[in-house]
>>> print(open('target-v2.json').read())   # JSON, C-alpha atoms and all ligand atoms
[["chain", "number", "residue", "atom", "x", "y", "z"],
["X", 1257, "MET", "CA", 0.00, 0.00, 0.00],
["X", 1258, "LEU", "CA", 1.27, 3.46, -0.84],
["X", 1259, "GLU", "CA", 1.53, 5.79, 2.11],
["X", 1260, "THR", "CA", 2.08, 9.51, 2.07],
["X", 1261, "LEU", "CA", 5.78, 10.16, 2.13],
["X", 1262, "PRO", "CA", 7.23, 12.38, 4.85],
["X", 1263, "LYS", "CA", 8.86, 15.63, 3.78],
["X", 1264, "TRP", "CA", 11.87, 15.18, 6.00],
["X", 1265, "ILE", "CA", 13.61, 12.02, 7.01],
["X", 1266, "ASP", "CA", 16.21, 11.15, 9.59],
["X", 1267, "SER", "CA", 17.97, 8.14, 8.08],
["X", 1268, "LYS", "CA", 19.49, 7.11, 11.41],
["X", 1269, "ARG", "CA", 16.16, 7.03, 13.21],
["X", 1270, "LEU", "CA", 14.47, 5.20, 10.35],
["X", 1271, "ALA", "CA", 17.32, 2.69, 10.16],
["X", 1272, "VAL", "CA", 17.23, 1.99, 13.90],
["X", 1273, "LYS", "CA", 13.54, 1.15, 13.54],
["X", 1274, "GLY", "CA", 14.12, -0.82, 10.31],
["X", 1275, "HIS", "CA", 11.58, 1.43, 8.63],
["X", 1276, "HIS", "CA", 10.16, 0.72, 5.18],
["X", 1277, "LEU", "CA", 9.25, 3.77, 3.14],
["X", 1278, "LYS", "CA", 6.96, 3.08, 0.24],
["X", 1279, "GLY", "CA", 5.05, 5.75, -1.60],
["X", 1280, "GLN", "CA", 4.95, 8.15, -4.44],
["X", 1281, "VAL", "CA", 5.45, 11.81, -5.12],
["X", 1282, "ALA", "CA", 4.12, 13.89, -8.01],
["X", 1283, "ILE", "CA", 6.95, 14.95, -10.32],
["X", 1284, "PRO", "CA", 6.05, 18.69, -10.22],
["X", 1285, "LYS", "CA", 6.77, 18.60, -6.46],
["X", 1286, "LEU", "CA", 10.43, 17.96, -7.26],
["X", 1287, "SER", "CA", 12.57, 21.02, -7.83],
["X", 1288, "GLN", "CA", 13.22, 22.97, -10.99],
["X", 1289, "ARG", "CA", 16.60, 21.24, -11.36],
["X", 1290, "LEU", "CA", 14.86, 18.04, -12.46],
["X", 1291, "CYS", "CA", 11.81, 19.64, -14.04],
["X", 1292, "ASP", "CA", 14.06, 21.68, -16.36],
["X", 1293, "ILE", "CA", 15.37, 18.44, -17.89],
["X", 1294, "LEU", "CA", 11.86, 17.21, -18.58],
["X", 1295, "TYR", "CA", 9.60, 17.90, -21.53],
["X", 1296, "ASP", "CA", 6.51, 17.35, -19.41],
["X", 1297, "THR", "CA", 6.27, 16.96, -15.63],
["X", 1298, "ASP", "CA", 3.16, 14.77, -15.64],
["X", 1299, "GLY", "CA", 3.36, 11.67, -13.51],
["X", 1300, "TYR", "CA", 4.71, 10.25, -10.28],
["X", 1301, "VAL", "CA", 7.90, 8.83, -8.88],
["X", 1302, "GLN", "CA", 7.52, 5.70, -6.77],
["X", 1303, "ILE", "CA", 9.99, 4.71, -4.12],
["X", 1304, "ASP", "CA", 10.28, 1.53, -2.13],
["X", 1305, "TRP", "CA", 13.15, 2.06, 0.29],
["X", 1306, "LYS", "CA", 14.21, 0.06, 3.33],
["X", 1307, "PHE", "CA", 16.25, 1.62, 6.09],
["X", 1308, "VAL", "CA", 18.48, -0.64, 8.16],
["X", 1309, "LEU", "CA", 21.69, -0.30, 10.15],
["X", 1310, "ASP", "CA", 24.69, -2.13, 8.77],
["X", 1311, "ASP", "CA", 26.99, -4.13, 11.08],
["X", 1312, "LYS", "CA", 28.94, -0.94, 11.87],
["X", 1313, "LYS", "CA", 25.75, 0.91, 12.79],
["X", 1314, "HIS", "CA", 25.74, 3.06, 9.68],
["X", 1315, "PRO", "CA", 22.25, 3.65, 8.27],
["X", 1316, "THR", "CA", 21.71, 2.10, 4.86],
["X", 1317, "ILE", "CA", 18.99, 2.81, 2.35],
["X", 1318, "SER", "CA", 18.20, 0.20, -0.24],
["X", 1319, "GLY", "CA", 15.37, -0.40, -2.62],
["X", 1320, "GLN", "CA", 13.91, 0.79, -5.85],
["X", 1321, "ILE", "CA", 13.05, 4.07, -7.54],
["X", 1322, "THR", "CA", 10.59, 3.85, -10.41],
["X", 1323, "THR", "CA", 9.05, 6.36, -12.75],
["X", 1324, "GLN", "CA", 8.40, 7.28, -16.33],
["X", 1325, "LEU", "CA", 9.81, 10.60, -17.43],
["X", 1326, "LYS", "CA", 8.88, 12.59, -20.51],
["X", 1327, "ILE", "CA", 11.95, 14.06, -22.12],
["X", 1328, "LEU", "CA", 12.82, 15.58, -25.46],
["X", 1329, "CYS", "CA", 14.83, 13.09, -27.50],
["X", 1330, "GLN", "CA", 18.15, 14.72, -28.35],
["X", 1331, "ARG", "CA", 18.40, 12.74, -31.56],
["X", 1332, "CYS", "CA", 15.08, 13.51, -33.21],
["X", 1333, "LEU", "CA", 13.86, 16.39, -30.97],
["X", 1334, "THR", "CA", 10.45, 14.86, -30.38],
["X", 1335, "PRO", "CA", 9.03, 13.85, -26.96],
["X", 1336, "ALA", "CA", 10.05, 10.46, -25.63],
["X", 1337, "VAL", "CA", 9.17, 8.51, -22.50],
["X", 1338, "ILE", "CA", 11.99, 6.90, -20.59],
["X", 1339, "THR", "CA", 11.37, 4.35, -17.90],
["X", 1340, "VAL", "CA", 13.49, 4.58, -14.78],
["X", 1341, "ASN", "CA", 13.51, 1.48, -12.64],
["X", 1342, "THR", "CA", 16.70, 1.70, -10.67],
["X", 1343, "LYS", "CA", 17.98, -0.08, -7.58],
["X", 1344, "ILE", "CA", 19.59, 2.07, -4.95],
["X", 1345, "ALA", "CA", 21.95, 0.93, -2.21],
["X", 1346, "LEU", "CA", 23.32, 3.73, -0.08],
["X", 1347, "VAL", "CA", 25.27, 3.79, 3.13],
["X", 1348, "VAL", "CA", 24.91, 7.03, 5.06],
["X", 1349, "PHE", "CA", 27.83, 8.90, 6.59],
["X", 1350, "ASN", "CA", 27.73, 12.27, 8.33],
["X", 1351, "GLU", "CA", 31.10, 13.19, 6.90],
["X", 1352, "GLU", "CA", 33.52, 11.87, 4.33],
["X", 1353, "PRO", "CA", 34.50, 8.37, 5.57],
["X", 1354, "SER", "CA", 38.20, 8.04, 6.37],
["X", 1355, "GLN", "CA", 40.30, 6.05, 3.94],
["X", 1356, "TYR", "CA", 40.71, 3.39, 6.63],
["X", 1357, "GLU", "CA", 36.99, 2.91, 6.91],
["X", 1358, "GLU", "CA", 35.87, -0.44, 5.62],
["X", 1359, "LEU", "CA", 32.90, 0.31, 3.40],
["X", 1360, "PRO", "CA", 30.15, -2.21, 2.82],
["X", 1361, "LEU", "CA", 30.41, -3.84, -0.61],
["X", 1362, "ASP", "CA", 27.85, -2.87, -3.24],
["X", 1363, "TYR", "CA", 26.82, 0.26, -1.36],
["X", 1364, "GLU", "CA", 27.42, 3.79, -2.48],
["X", 1365, "VAL", "CA", 28.41, 6.30, 0.17],
["X", 1366, "ILE", "CA", 26.07, 9.22, 0.65],
["X", 1367, "ILE", "CA", 27.00, 12.03, 3.02],
["X", 1368, "LEU", "CA", 24.05, 13.49, 4.86],
["X", 1369, "PRO", "CA", 24.05, 15.90, 7.78],
["X", 1370, "ASN", "CA", 23.22, 14.51, 11.19],
["X", 1371, "LYS", "CA", 19.71, 15.97, 11.10],
["X", 1372, "PRO", "CA", 16.52, 15.40, 9.08],
["X", 1373, "VAL", "CA", 17.02, 15.90, 5.34],
["X", 1374, "SER", "CA", 14.53, 16.57, 2.59],
["X", 1375, "LEU", "CA", 13.22, 13.31, 1.16],
["X", 1376, "LEU", "CA", 12.28, 15.09, -2.06],
["X", 1377, "THR", "CA", 15.86, 16.25, -2.60],
["X", 1378, "LEU", "CA", 17.09, 12.73, -1.94],
["X", 1379, "ILE", "CA", 14.62, 11.29, -4.45],
["X", 1380, "GLU", "CA", 15.51, 13.95, -6.98],
["X", 1381, "ASN", "CA", 19.26, 13.29, -6.66],
["X", 1382, "GLU", "CA", 18.79, 9.57, -7.19],
["X", 1383, "LEU", "CA", 16.56, 10.23, -10.18],
["X", 1384, "ILE", "CA", 19.05, 12.58, -11.83],
["X", 1385, "LEU", "CA", 21.82, 10.01, -11.32],
["X", 1386, "ALA", "CA", 19.61, 7.34, -12.87],
["X", 1387, "LEU", "CA", 18.99, 9.37, -16.03],
["X", 1388, "PRO", "CA", 20.98, 8.57, -19.16],
["X", 1389, "ILE", "CA", 23.68, 11.15, -20.01],
["X", 1390, "VAL", "CA", 22.00, 11.90, -23.32],
["X", 1391, "ALA", "CA", 18.22, 11.78, -23.19],
["X", 1392, "LYS", "CA", 16.88, 9.95, -26.20],
["X", 1393, "HIS", "CA", 14.31, 7.41, -27.35],
["X", 1394, "GLU", "CA", 15.19, 3.84, -26.47],
["X", 1395, "ILE", "CA", 14.39, 3.06, -30.10],
["X", 1396, "CYS", "CA", 14.52, 6.39, -31.87],
["X", 1397, "PRO", "CA", 12.37, 6.74, -35.01],
["X", 1398, "SER", "CA", 15.17, 8.84, -36.54],
["X", 1399, "ASN", "CA", 17.23, 5.62, -36.75],
["X", 1400, "GLN", "CA", 14.88, 4.53, -39.52],
["X", 1401, "PHE", "CA", 16.32, 7.32, -41.64],
["X", 1402, "GLU", "CA", 19.80, 6.03, -40.92],
["X", 1403, "ILE", "CA", 18.80, 2.61, -42.18],
["X", 1404, "GLN", "CA", 17.34, 4.19, -45.31],
["X", 1405, "ASP", "CA", 20.56, 6.12, -45.85],
["X", 1406, "LYS", "CA", 22.54, 2.89, -45.68],
["X", 1407, "ALA", "CA", 20.20, 1.26, -48.20],
["X", 1408, "ILE", "CA", 20.72, 4.23, -50.55],
["X", 1409, "GLU", "CA", 24.50, 3.97, -50.19],
["X", 1410, "GLN", "CA", 24.31, 0.31, -51.15],
["X", 1411, "ASP", "CA", 22.22, 1.14, -54.20],
["X", 1412, "GLU", "CA", 24.90, 3.59, -55.28],
["X", 1413, "VAL", "CA", 27.55, 0.90, -54.97],
["X", 1414, "ILE", "CA", 25.52, -1.39, -57.22],
["X", 1415, "GLU", "CA", 25.15, 1.42, -59.74],
["X", 1416, "GLN", "CA", 28.89, 1.96, -59.73],
["X", 1417, "ASP", "CA", 29.38, -1.70, -60.65],
["X", 1418, "ASP", "CA", 27.16, -1.11, -63.65],
["X", 1419, "ASN", "CA", 29.27, 1.85, -64.71],
["X", 1420, "PRO", "CA", 29.68, 1.37, -68.51],
["X", 1421, "PHE", "CA", 33.28, 2.59, -68.42],
["X", 1422, "ARG", "CA", 34.19, -0.10, -65.98],
["X", 1423, "VAL", "CA", 32.52, -2.72, -68.16],
["X", 1424, "LEU", "CA", 34.54, -1.29, -71.06],
["X", 1425, "ALA", "CA", 37.72, -1.56, -69.01],
["X", 1426, "LYS", "CA", 37.02, -5.27, -68.48],
["X", 1427, "ILE", "CA", 36.57, -5.83, -72.23],
["X", 1428, "ILE", "CA", 39.83, -4.05, -73.06],
["X", 1429, "LYS", "CA", 41.72, -6.25, -70.59],
["D", 1501, "ZN", "ZN", 14.19, 10.16, -30.91]]
>>> encode(input="target-v2.json", output="structure tokens", more="lines below")
Ligand SMILES: [Zn+2]
Amino acid sequence: MLETLPKWIDSKRLAVKGHHLKGQVAIPKLSQRLCDILYDTDGYVQIDWKFVLDDKKHPTISGQITTQLKILCQRCLTPAVITVNTKIALVVFNEEPSQYEELPLDYEVIILPNKPVSLLTLIENELILALPIVAKHEICPSNQFEIQDKAIEQDEVIEQDDNPFRVLAKIIK
């Protein structure tokens, strides 16, 4: 069941309780930084995040972030929908971990202040990291033109083989 997500979260407190945060947020509620990338801000972002302490008592956040974002394809400049369905695995530190710190495998370090932080900002950061570097259709219709171009090139090659001068050159040999 989707619950309303809190605005602020304290990862330590949630991890101590082994809290499970599952819910969704409307995309327009996220800041301009993300919305500027989008063609259309319709839709929701779903999160399903579990908070637990690791064996060194560091809070960890792991789970899934899922959404569909409408972007402008940078190849054909028409709107495209990209599906984000990304796993996250974060271990929370209050400051840069020392180089001697043994970090849990398969977890990315995230540095958060030792006080409640904005859940929306956290969601937005993870979403921006999950986006492809160049926004484009998964299968871009403009690729069809590329295929046509290749077919035309091949036709030209065939024509060149039929070049009468070349045929003449063969006869002379
Ligand atoms: Zn495209």
>>> closest_atom_pairs(input="target-v2.json", of="chain X", to="ligand ZN 1501 (chain D)", cutoff="10 Å", atoms="all atoms listed in the file", output="JSON lines")
{"residue": "X:Ile1327", "atom": "CA", "partner": "D:ZN1501", "partner_atom": "ZN", "distance": 9.9}
{"residue": "X:Leu1328", "atom": "CA", "partner": "D:ZN1501", "partner_atom": "ZN", "distance": 7.8}
{"residue": "X:Cys1329", "atom": "CA", "partner": "D:ZN1501", "partner_atom": "ZN", "distance": 4.5}
{"residue": "X:Gln1330", "atom": "CA", "partner": "D:ZN1501", "partner_atom": "ZN", "distance": 6.6}
{"residue": "X:Arg1331", "atom": "CA", "partner": "D:ZN1501", "partner_atom": "ZN", "distance": 5.0}
{"residue": "X:Cys1332", "atom": "CA", "partner": "D:ZN1501", "partner_atom": "ZN", "distance": 4.2}
{"residue": "X:Leu1333", "atom": "CA", "partner": "D:ZN1501", "partner_atom": "ZN", "distance": 6.2}
{"residue": "X:Thr1334", "atom": "CA", "partner": "D:ZN1501", "partner_atom": "ZN", "distance": 6.0}
{"residue": "X:Pro1335", "atom": "CA", "partner": "D:ZN1501", "partner_atom": "ZN", "distance": 7.5}
{"residue": "X:Ala1336", "atom": "CA", "partner": "D:ZN1501", "partner_atom": "ZN", "distance": 6.7}
{"residue": "X:Val1337", "atom": "CA", "partner": "D:ZN1501", "partner_atom": "ZN", "distance": 9.9}
{"residue": "X:Ala1391", "atom": "CA", "partner": "D:ZN1501", "partner_atom": "ZN", "distance": 8.9}
{"residue": "X:Lys1392", "atom": "CA", "partner": "D:ZN1501", "partner_atom": "ZN", "distance": 5.4}
{"residue": "X:His1393", "atom": "CA", "partner": "D:ZN1501", "partner_atom": "ZN", "distance": 4.5}
{"residue": "X:Glu1394", "atom": "CA", "partner": "D:ZN1501", "partner_atom": "ZN", "distance": 7.8}
{"residue": "X:Ile1395", "atom": "CA", "partner": "D:ZN1501", "partner_atom": "ZN", "distance": 7.1}
{"residue": "X:Cys1396", "atom": "CA", "partner": "D:ZN1501", "partner_atom": "ZN", "distance": 3.9}
{"residue": "X:Pro1397", "atom": "CA", "partner": "D:ZN1501", "partner_atom": "ZN", "distance": 5.6}
{"residue": "X:Ser1398", "atom": "CA", "partner": "D:ZN1501", "partner_atom": "ZN", "distance": 5.9}
{"residue": "X:Asn1399", "atom": "CA", "partner": "D:ZN1501", "partner_atom": "ZN", "distance": 8.0}
>>> atom_distance(input="target-v2.json", atom1="atom CA of Ala1282 of chain X", atom2="atom CA of Leu1261 of chain X")
10.9 Å
>>> atom_distance(input="target-v2.json", atom1="atom CA of Trp1305 of chain X", atom2="atom CA of Gly1279 of chain X")
9.1 Å
>>> closest_residue(input="target-v2.json", among="X:Glu1382, X:Asp1304, X:Asp1311, X:Glu1364", to="His1275 of chain X", atoms="all atoms listed in the file")
X:Asp1304
>>> atom_distance(input="target-v2.json", atom1="atom CA of Ile1344 of chain X", atom2="atom CA of Ser1318 of chain X")
5.3 Å
>>> closest_residue(input="target-v2.json", among="X:Pro1360, X:Thr1316, X:Leu1385, X:Asp1310", to="Thr1342 of chain X", atoms="all atoms listed in the file")
X:Leu1385
